[in-house]
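> Contents of start_19.csv (CSV, C-alpha atoms) are given next:
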```
chain,number,residue,atom,x,y,z
D,1,MET,CA,-75.0,28.3,-18.1
D,2,LYS,CA,-72.9,29.3,-15.1
D,3,ALA,CA,-75.9,30.9,-13.5
D,4,ASN,CA,-77.8,27.5,-13.8
D,5,VAL,CA,-74.9,25.6,-12.3
D,6,LYS,CA,-74.7,28.1,-9.4
D,7,LYS,CA,-78.4,27.9,-8.8
D,8,SER,CA,-78.2,24.0,-8.8
D,9,LEU,CA,-75.4,24.1,-6.3
D,10,VAL,CA,-77.3,26.5,-4.0
D,11,SER,CA,-80.4,24.3,-4.2
D,12,MET,CA,-78.4,21.1,-3.5
D,13,THR,CA,-76.8,22.8,-0.5
D,14,GLN,CA,-80.1,24.0,0.8
D,15,LEU,CA,-81.6,20.5,0.4
D,16,ALA,CA,-78.6,18.9,2.1
D,17,MET,CA,-78.8,21.4,5.0
D,18,LEU,CA,-82.6,20.6,5.5
D,19,ALA,CA,-81.8,16.9,5.4
D,20,ALA,CA,-79.1,17.3,8.0
D,21,VAL,CA,-81.5,19.2,10.3
D,22,ALA,CA,-84.1,16.5,9.8
D,23,VAL,CA,-81.5,13.8,10.9
D,24,VAL,CA,-80.6,15.8,14.0
D,25,LEU,CA,-84.2,16.3,15.0
D,26,MET,CA,-85.0,12.6,14.3
D,27,ALA,CA,-82.1,11.6,16.5
D,28,PHE,CA,-82.6,13.9,19.5
D,29,VAL,CA,-86.3,14.8,19.6
D,30,ARG,CA,-88.3,11.7,20.5
D,31,ILE,CA,-91.4,12.3,22.7
D,32,PRO,CA,-94.2,9.8,23.5
D,33,ILE,CA,-97.3,11.9,23.1
D,34,VAL,CA,-100.3,9.5,23.3
D,35,PRO,CA,-100.7,7.6,26.6
D,36,ALA,CA,-102.5,4.7,24.8
D,37,ALA,CA,-99.5,4.1,22.6
D,38,PRO,CA,-96.3,5.3,24.4
D,39,PHE,CA,-94.1,3.3,22.0
D,40,LEU,CA,-95.1,5.8,19.3
D,41,GLU,CA,-92.7,8.7,19.6
D,42,TYR,CA,-93.1,12.1,18.1
D,43,ASP,CA,-90.1,13.5,16.2
D,44,MET,CA,-89.8,16.8,14.3
D,45,ALA,CA,-87.9,15.4,11.3
D,46,ASP,CA,-90.8,16.1,8.9
D,47,ALA,CA,-90.7,19.8,9.7
D,48,PRO,CA,-87.6,20.6,7.7
D,49,ILE,CA,-88.7,18.2,4.9
D,50,LEU,CA,-92.0,20.2,4.7
D,51,ILE,CA,-89.9,23.4,4.3
D,52,ALA,CA,-88.1,21.6,1.5
D,53,ALA,CA,-91.5,20.9,-0.1
D,54,LEU,CA,-92.4,24.6,0.1
D,55,MET,CA,-89.0,25.6,-1.4
D,56,PHE,CA,-88.6,23.0,-4.1
D,57,GLY,CA,-91.9,21.1,-4.6
D,58,PRO,CA,-92.8,17.5,-4.0
D,59,GLY,CA,-90.0,15.8,-6.0
D,60,PRO,CA,-86.9,16.9,-4.1
D,61,SER,CA,-88.6,16.8,-0.7
D,62,LEU,CA,-89.7,13.2,-1.3
D,63,LEU,CA,-86.1,12.3,-2.1
D,64,ILE,CA,-85.0,13.9,1.2
D,65,LEU,CA,-87.8,12.0,3.0
D,66,LEU,CA,-86.6,8.7,1.4
D,67,ILE,CA,-83.1,9.3,2.6
D,68,ILE,CA,-84.3,10.2,6.1
D,69,SER,CA,-86.6,7.1,6.2
D,70,ILE,CA,-83.7,4.9,5.3
D,71,ILE,CA,-81.5,6.4,8.0
D,72,GLN,CA,-84.2,6.1,10.5
D,73,ALA,CA,-85.1,2.6,9.6
D,74,PHE,CA,-81.6,1.1,9.8
D,75,LEU,CA,-79.6,3.4,12.1
D,76,PHE,CA,-82.2,4.7,14.7
D,77,GLY,CA,-84.2,1.6,15.5
D,78,GLY,CA,-86.9,2.3,12.9
D,79,ASN,CA,-87.9,-1.3,12.4
D,80,GLY,CA,-86.0,-2.0,9.2
D,81,TRP,CA,-87.6,-2.0,5.8
D,82,VAL,CA,-91.1,-2.3,7.3
D,83,GLY,CA,-90.6,1.0,9.2
D,84,LEU,CA,-89.1,2.5,6.1
D,85,VAL,CA,-92.2,1.7,4.0
D,86,MET,CA,-94.6,2.9,6.6
D,87,HIS,CA,-92.8,6.1,7.3
D,88,PHE,CA,-92.2,7.0,3.7
D,89,ALA,CA,-95.8,6.3,2.7
D,90,ALA,CA,-97.4,8.2,5.6
D,91,SER,CA,-95.0,11.2,5.7
D,92,GLY,CA,-94.8,11.1,1.9
D,93,ALA,CA,-98.5,11.8,1.6
D,94,LEU,CA,-98.1,14.9,3.8
D,95,VAL,CA,-95.0,16.1,2.0
D,96,ALA,CA,-96.3,15.5,-1.5
D,97,LEU,CA,-99.6,17.3,-0.8
D,98,VAL,CA,-97.9,20.4,0.8
D,99,GLY,CA,-95.4,20.6,-2.1
D,100,PHE,CA,-98.1,20.1,-4.8
D,101,PHE,CA,-100.6,22.7,-3.4
D,102,TYR,CA,-97.9,25.3,-2.7
D,103,GLN,CA,-96.0,24.9,-6.0
D,104,HIS,CA,-98.9,26.1,-8.2
D,105,ARG,CA,-99.6,29.5,-6.8
D,106,HIS,CA,-97.1,30.1,-4.0
D,107,LYS,CA,-99.8,31.4,-1.7
D,108,PHE,CA,-99.5,30.7,2.1
D,109,PHE,CA,-103.2,29.6,2.0
D,110,ASP,CA,-102.3,26.8,-0.4
D,111,ALA,CA,-99.5,25.7,1.9
D,112,VAL,CA,-102.0,25.5,4.8
D,113,LEU,CA,-104.5,23.7,2.7
D,114,GLY,CA,-101.8,21.2,1.7
D,115,MET,CA,-100.9,20.8,5.4
D,116,ILE,CA,-104.5,20.1,6.4
D,117,LEU,CA,-105.1,17.6,3.6
D,118,GLY,CA,-101.7,16.0,4.1
D,119,THR,CA,-102.3,15.6,7.9
D,120,LEU,CA,-105.6,13.9,7.1
D,121,ALA,CA,-104.0,11.7,4.4
D,122,MET,CA,-101.1,10.7,6.6
D,123,THR,CA,-103.6,9.7,9.4
D,124,ALA,CA,-105.8,7.8,7.0
D,125,ILE,CA,-102.9,5.9,5.4
D,126,MET,CA,-101.5,4.7,8.7
D,127,ILE,CA,-104.7,2.8,9.5
D,128,PRO,CA,-104.4,0.2,6.7
D,129,MET,CA,-100.6,0.3,7.0
D,130,ASN,CA,-100.8,-0.9,10.6
D,131,TYR,CA,-103.2,-3.6,9.6
D,132,ILE,CA,-101.0,-4.8,6.8
D,133,PHE,CA,-97.5,-4.4,8.3
D,134,THR,CA,-98.0,-4.5,12.1
D,135,VAL,CA,-100.2,-7.6,11.9
D,136,HIS,CA,-98.5,-9.5,9.1
D,137,PHE,CA,-94.8,-8.5,9.5
D,138,PHE,CA,-94.5,-7.8,13.2
D,139,GLY,CA,-96.9,-10.5,14.3
D,140,THR,CA,-99.1,-8.3,16.4
D,141,PRO,CA,-102.6,-9.8,16.8
D,142,LYS,CA,-105.2,-7.9,14.8
D,143,SER,CA,-107.2,-7.5,18.0
D,144,VAL,CA,-104.4,-5.5,19.5
D,145,VAL,CA,-104.2,-3.2,16.4
D,146,ASP,CA,-108.0,-2.9,16.6
D,147,ALA,CA,-107.8,-1.7,20.2
D,148,LEU,CA,-105.0,0.9,19.3
D,149,ILE,CA,-106.5,2.5,16.2
D,150,LEU,CA,-108.8,5.1,17.8
D,151,PRO,CA,-107.0,5.8,21.1
D,152,GLY,CA,-103.5,5.6,19.8
D,153,ILE,CA,-102.7,5.4,16.1
D,154,VAL,CA,-105.2,8.0,14.8
D,155,PRO,CA,-104.5,10.7,17.4
D,156,PHE,CA,-100.7,10.1,17.2
D,157,ASN,CA,-100.6,10.7,13.5
D,158,LEU,CA,-103.0,13.7,13.7
D,159,ILE,CA,-100.8,15.3,16.4
D,160,LYS,CA,-97.5,14.4,14.7
D,161,ALA,CA,-98.5,15.7,11.2
D,162,GLY,CA,-100.3,18.7,12.7
D,163,LEU,CA,-97.4,19.8,14.9
D,164,ASN,CA,-94.8,19.4,12.1
D,165,SER,CA,-97.1,21.3,9.7
D,166,ALA,CA,-97.6,24.1,12.2
D,167,ILE,CA,-93.8,24.3,13.0
D,168,SER,CA,-92.9,24.3,9.3
D,169,GLY,CA,-95.6,26.9,8.5
D,170,VAL,CA,-94.5,29.3,11.2
D,171,LEU,CA,-90.8,28.9,10.2
D,172,TRP,CA,-91.6,29.3,6.5
D,173,LYS,CA,-93.6,32.5,7.2
D,174,ALA,CA,-90.8,33.9,9.4
D,175,LEU,CA,-88.0,32.9,7.0
D,176,MET,CA,-89.6,34.0,3.7
D,177,PRO,CA,-88.5,37.7,3.8
D,178,PHE,CA,-84.9,36.7,4.6
D,179,LEU,CA,-84.9,34.0,1.8
D,180,GLN,CA,-86.3,36.4,-0.7
D,181,ASN,CA,-84.1,39.3,0.2
D,182,SER,CA,-81.0,37.2,0.1
D,183,GLY,CA,-81.9,35.6,-3.2
D,184,LEU,CA,-82.0,32.1,-1.7
D,185,TYR,CA,-85.6,31.6,-2.8
D,186,ARG,CA,-87.5,32.8,-5.9
D,187,THR,CA,-90.9,31.8,-7.0
D,188,ASN,CA,-91.7,31.0,-10.7
D,189,THR,CA,-94.4,33.7,-10.8
D,190,GLU,CA,-94.7,37.3,-10.0
D,191,ARG,CA,-97.5,36.7,-7.5
D,192,GLU,CA,-97.2,37.8,-3.9
D,193,VAL,CA,-95.9,34.8,-2.0
D,194,LEU,CA,-97.4,35.6,1.4
```
Kindly present the structure from the file in structure tokens form.


Amino acid sequence: MKANVKKSLVSMTQLAMLAAVAVVLMAFVRIPIVPAAPFLEYDMADAPILIAALMFGPGPSLLILLIISIIQAFLFGGNGWVGLVMHFAASGALVALVGFFYQHRHKFFDAVLGMILGTLAMTAIMIPMNYIFTVHFFGTPKSVVDALILPGIVPFNLIKAGLNSAISGVLWKALMPFLQNSGLYRTNTEREVL
């Protein structure tokens, strides 16, 4: 019983730390990366959330994403509830797929597969989301969204999800020996993690 409580406290502390890192990255790393849409700014907040997906699976990492999405939407100029829904849906696809694929076998290949599929899903989701929310709730003419889809929205989401996946993958690979040796991370199987 005490071991389970201790494990739960350690897990909650790890999740809280990853969430705190995500907030800091969201606040201080904002880079326009696509000239066709300079108002779309890259931030690294999804990288620690993806590490949470690798450590804990999709459920806890989606909870962190929801908290981060709320903070971004209402405290960092993230366009209120519309921005919250758009961010949570898009990044949620990435986070859920990474957590889902890695959770089953704990192989790095599965994490990479989840990252690739998640990047594609995030990009695909943002196309209808922009038509629904940007047009109907922000009042942007559909013709403007049409003109931004291929030169702006698609490459931005591919780059954002791809960079955050790559960063989290490299960090995960580097941190894994430390996490295992210190007892901070254990898989549910006896399979080789890397």

> Counting all atoms listed in the file, which of D:Ile64, D:Met12, D:Ile116, D:Leu163 gets nearest to D:Phe101?

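Closest to D:Phe101, using all atoms listed in the file: D:Ile116.
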
> Report as an NGL selection string all protein, DNA and RNA residues lying within 9 Å of D:Val29, evaluated on all atoms listed in the file, omitting residues in the same chain fewer than 6 positions from it.

:D and (41-45)

> Just to confirm, what's the straight-line distance from atom CA of D:Pro35 to atom CA of D:Ala121 in Å (one decimal)?

22.8 Å

> Mind pulling up the distance from atom CA of D:Ala53 to atom CA of D:Lys160?

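Atom-to-atom, atom CA of D:Lys160 and atom CA of D:Ala53 are spaced 17.2 Å apart.
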
> Each residue of stretch 106-170 of chain D lying at most 7 Å from stretch 79-100 of chain D should get a row with its shortest atom-to-atom pair and the distance in Å to one decimal, counting only C-alpha atoms; could you produce that, ordered by chain and increasing number, as JSON lines?


```
{"residue": "D:Ala111", "atom": "CA", "partner": "D:Val98", "partner_atom": "CA", "distance": 5.6}
{"residue": "D:Gly114", "atom": "CA", "partner": "D:Val98", "partner_atom": "CA", "distance": 4.1}
{"residue": "D:Met115", "atom": "CA", "partner": "D:Val98", "partner_atom": "CA", "distance": 5.5}
{"residue": "D:Gly118", "atom": "CA", "partner": "D:Leu94", "partner_atom": "CA", "distance": 3.8}
{"residue": "D:Thr119", "atom": "CA", "partner": "D:Leu94", "partner_atom": "CA", "distance": 5.9}
{"residue": "D:Ala121", "atom": "CA", "partner": "D:Ala93", "partner_atom": "CA", "distance": 6.2}
{"residue": "D:Met122", "atom": "CA", "partner": "D:Ala90", "partner_atom": "CA", "distance": 4.6}
{"residue": "D:Ile125", "atom": "CA", "partner": "D:Ala90", "partner_atom": "CA", "distance": 6.0}
{"residue": "D:Met126", "atom": "CA", "partner": "D:Ala90", "partner_atom": "CA", "distance": 6.2}
{"residue": "D:Met129", "atom": "CA", "partner": "D:Met86", "partner_atom": "CA", "distance": 6.6}
{"residue": "D:Phe133", "atom": "CA", "partner": "D:Val82", "partner_atom": "CA", "distance": 6.8}
```

> Excluding D:Ala37 and residues on its chain fewer than 2 positions from it, collect all residues at most 10 Å away from it, counting only C-alpha atoms, and give them as a VMD selection string.

chain D and resid 32 to 35 39 to 41 148 to 149 151 to 153 155 to 156

> Could you state the separation of atom CA of D:Leu179 and atom CA of D:His104 in Å, given to one decimal place?

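Going from atom CA of D:Leu179 over to atom CA of D:His104, I get 18.9 Å.
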
> Could you check the closest approach to D:Ala161 for each of D:Val135, D:Ala124, D:Leu175, D:Leu62 and tell me which residue wins, using all atoms listed in the file?

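Under the stated criterion, the closest residue is D:Ala124.
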
> Taking all atoms listed in the file into account, name the residue in D:Leu171, D:Leu65, D:Leu75, D:Ile159 that is nearest to D:Ile49.

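Answer, going by the shortest atom-to-atom distance: D:Leu65.
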
> Considering only C-alpha atoms, can you say which of D:Asn157, D:Thr140, D:Ser11, D:Gln103 comes closest to D:Thr123?

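So, comparing all the options, the nearest one is D:Asn157.
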
> Find, counting all atoms listed in the file, the residue in D:Pro60, D:Val145, D:Ala166, D:Trp172 that gets nearest to D:Ile132.

D:Val145

> Extract, using all atoms listed in the file, all DNA, RNA and protein residues at most 12 Å from stretch 15-19 of chain D, discarding same-chain residues fewer than 4 positions from it, and format them as a VMD selection string.

chain D and resid 8 to 11 23 to 26 44 to 57 59 to 69 71 168 184

> For C-alpha atoms, I'd like the residues from the last selection saved as a PDB file, keeping the file's coordinate frame.


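Just written: result_7.pdb:
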```pdb
ATOM      1  CA  SER D   8     -78.200  24.000  -8.800  1.00  0.00           C
ATOM      2  CA  LEU D   9     -75.400  24.100  -6.300  1.00  0.00           C
ATOM      3  CA  VAL D  10     -77.300  26.500  -4.000  1.00  0.00           C
ATOM      4  CA  SER D  11     -80.400  24.300  -4.200  1.00  0.00           C
ATOM      5  CA  VAL D  23     -81.500  13.800  10.900  1.00  0.00           C
ATOM      6  CA  VAL D  24     -80.600  15.800  14.000  1.00  0.00           C
ATOM      7  CA  LEU D  25     -84.200  16.300  15.000  1.00  0.00           C
ATOM      8  CA  MET D  26     -85.000  12.600  14.300  1.00  0.00           C
ATOM      9  CA  MET D  44     -89.800  16.800  14.300  1.00  0.00           C
ATOM     10  CA  ALA D  45     -87.900  15.400  11.300  1.00  0.00           C
ATOM     11  CA  ASP D  46     -90.800  16.100   8.900  1.00  0.00           C
ATOM     12  CA  ALA D  47     -90.700  19.800   9.700  1.00  0.00           C
ATOM     13  CA  PRO D  48     -87.600  20.600   7.700  1.00  0.00           C
ATOM     14  CA  ILE D  49     -88.700  18.200   4.900  1.00  0.00           C
ATOM     15  CA  LEU D  50     -92.000  20.200   4.700  1.00  0.00           C
ATOM     16  CA  ILE D  51     -89.900  23.400   4.300  1.00  0.00           C
ATOM     17  CA  ALA D  52     -88.100  21.600   1.500  1.00  0.00           C
ATOM     18  CA  ALA D  53     -91.500  20.900  -0.100  1.00  0.00           C
ATOM     19  CA  LEU D  54     -92.400  24.600   0.100  1.00  0.00           C
ATOM     20  CA  MET D  55     -89.000  25.600  -1.400  1.00  0.00           C
ATOM     21  CA  PHE D  56     -88.600  23.000  -4.100  1.00  0.00           C
ATOM     22  CA  GLY D  57     -91.900  21.100  -4.600  1.00  0.00           C
ATOM     23  CA  GLY D  59     -90.000  15.800  -6.000  1.00  0.00           C
ATOM     24  CA  PRO D  60     -86.900  16.900  -4.100  1.00  0.00           C
ATOM     25  CA  SER D  61     -88.600  16.800  -0.700  1.00  0.00           C
ATOM     26  CA  LEU D  62     -89.700  13.200  -1.300  1.00  0.00           C
ATOM     27  CA  LEU D  63     -86.100  12.300  -2.100  1.00  0.00           C
ATOM     28  CA  ILE D  64     -85.000  13.900   1.200  1.00  0.00           C
ATOM     29  CA  LEU D  65     -87.800  12.000   3.000  1.00  0.00           C
ATOM     30  CA  LEU D  66     -86.600   8.700   1.400  1.00  0.00           C
ATOM     31  CA  ILE D  67     -83.100   9.300   2.600  1.00  0.00           C
ATOM     32  CA  ILE D  68     -84.300  10.200   6.100  1.00  0.00           C
ATOM     33  CA  SER D  69     -86.600   7.100   6.200  1.00  0.00           C
ATOM     34  CA  ILE D  71     -81.500   6.400   8.000  1.00  0.00           C
ATOM     35  CA  SER D 168     -92.900  24.300   9.300  1.00  0.00           C
ATOM     36  CA  LEU D 184     -82.000  32.100  -1.700  1.00  0.00           C
TER      37      LEU D 184
END
```

> For stretch 87-106 of chain D, supply N, CA and C atoms and report the output as a short mmCIF file (atom, residue, chain, number, x, y, z; two decimals), in the coordinates of the input.


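rebuild_18.cif, freshly written:
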```cif
data_model
loop_
_atom_site.label_atom_id
_atom_site.label_comp_id
_atom_site.auth_asym_id
_atom_site.auth_seq_id
_atom_site.Cartn_x
_atom_site.Cartn_y
_atom_site.Cartn_z
N HIS D 87 -93.11 4.69 7.16
CA HIS D 87 -92.80 6.10 7.30
C HIS D 87 -92.82 6.86 6.03
N PHE D 88 -92.25 6.27 4.98
CA PHE D 88 -92.20 7.00 3.70
C PHE D 88 -93.62 7.15 3.13
N ALA D 89 -94.47 6.14 3.26
CA ALA D 89 -95.80 6.30 2.70
C ALA D 89 -96.64 7.32 3.48
N ALA D 90 -96.56 7.30 4.81
CA ALA D 90 -97.40 8.20 5.60
C ALA D 90 -96.85 9.66 5.48
N SER D 91 -95.57 9.87 5.76
CA SER D 91 -95.00 11.20 5.70
C SER D 91 -94.97 11.68 4.21
N GLY D 92 -94.83 10.74 3.28
CA GLY D 92 -94.80 11.10 1.90
C GLY D 92 -96.12 11.71 1.43
N ALA D 93 -97.24 11.24 1.96
CA ALA D 93 -98.50 11.80 1.60
C ALA D 93 -98.59 13.29 2.08
N LEU D 94 -98.12 13.54 3.28
CA LEU D 94 -98.10 14.90 3.80
C LEU D 94 -97.18 15.80 2.99
N VAL D 95 -95.96 15.36 2.77
CA VAL D 95 -95.00 16.10 2.00
C VAL D 95 -95.42 16.41 0.60
N ALA D 96 -95.93 15.39 -0.07
CA ALA D 96 -96.30 15.50 -1.50
C ALA D 96 -97.50 16.52 -1.60
N LEU D 97 -98.48 16.44 -0.70
CA LEU D 97 -99.60 17.30 -0.80
C LEU D 97 -99.23 18.79 -0.50
N VAL D 98 -98.37 19.00 0.48
CA VAL D 98 -97.90 20.40 0.80
C VAL D 98 -97.15 20.92 -0.43
N GLY D 99 -96.21 20.15 -0.96
CA GLY D 99 -95.40 20.60 -2.10
C GLY D 99 -96.30 20.85 -3.33
N PHE D 100 -97.25 19.95 -3.58
CA PHE D 100 -98.10 20.10 -4.80
C PHE D 100 -98.98 21.30 -4.68
N PHE D 101 -99.65 21.52 -3.54
CA PHE D 101 -100.60 22.70 -3.40
C PHE D 101 -99.81 23.98 -3.48
N TYR D 102 -98.67 24.07 -2.79
CA TYR D 102 -97.90 25.30 -2.70
C TYR D 102 -97.24 25.66 -4.04
N GLN D 103 -96.82 24.67 -4.75
CA GLN D 103 -96.00 24.90 -6.00
C GLN D 103 -96.80 25.62 -7.05
N HIS D 104 -98.11 25.48 -7.09
CA HIS D 104 -98.90 26.10 -8.20
C HIS D 104 -99.06 27.57 -8.08
N ARG D 105 -99.36 28.09 -6.89
CA ARG D 105 -99.60 29.50 -6.80
C ARG D 105 -98.70 30.24 -5.79
N HIS D 106 -97.99 29.51 -5.00
CA HIS D 106 -97.10 30.10 -4.00
C HIS D 106 -97.80 31.03 -3.05
#
```
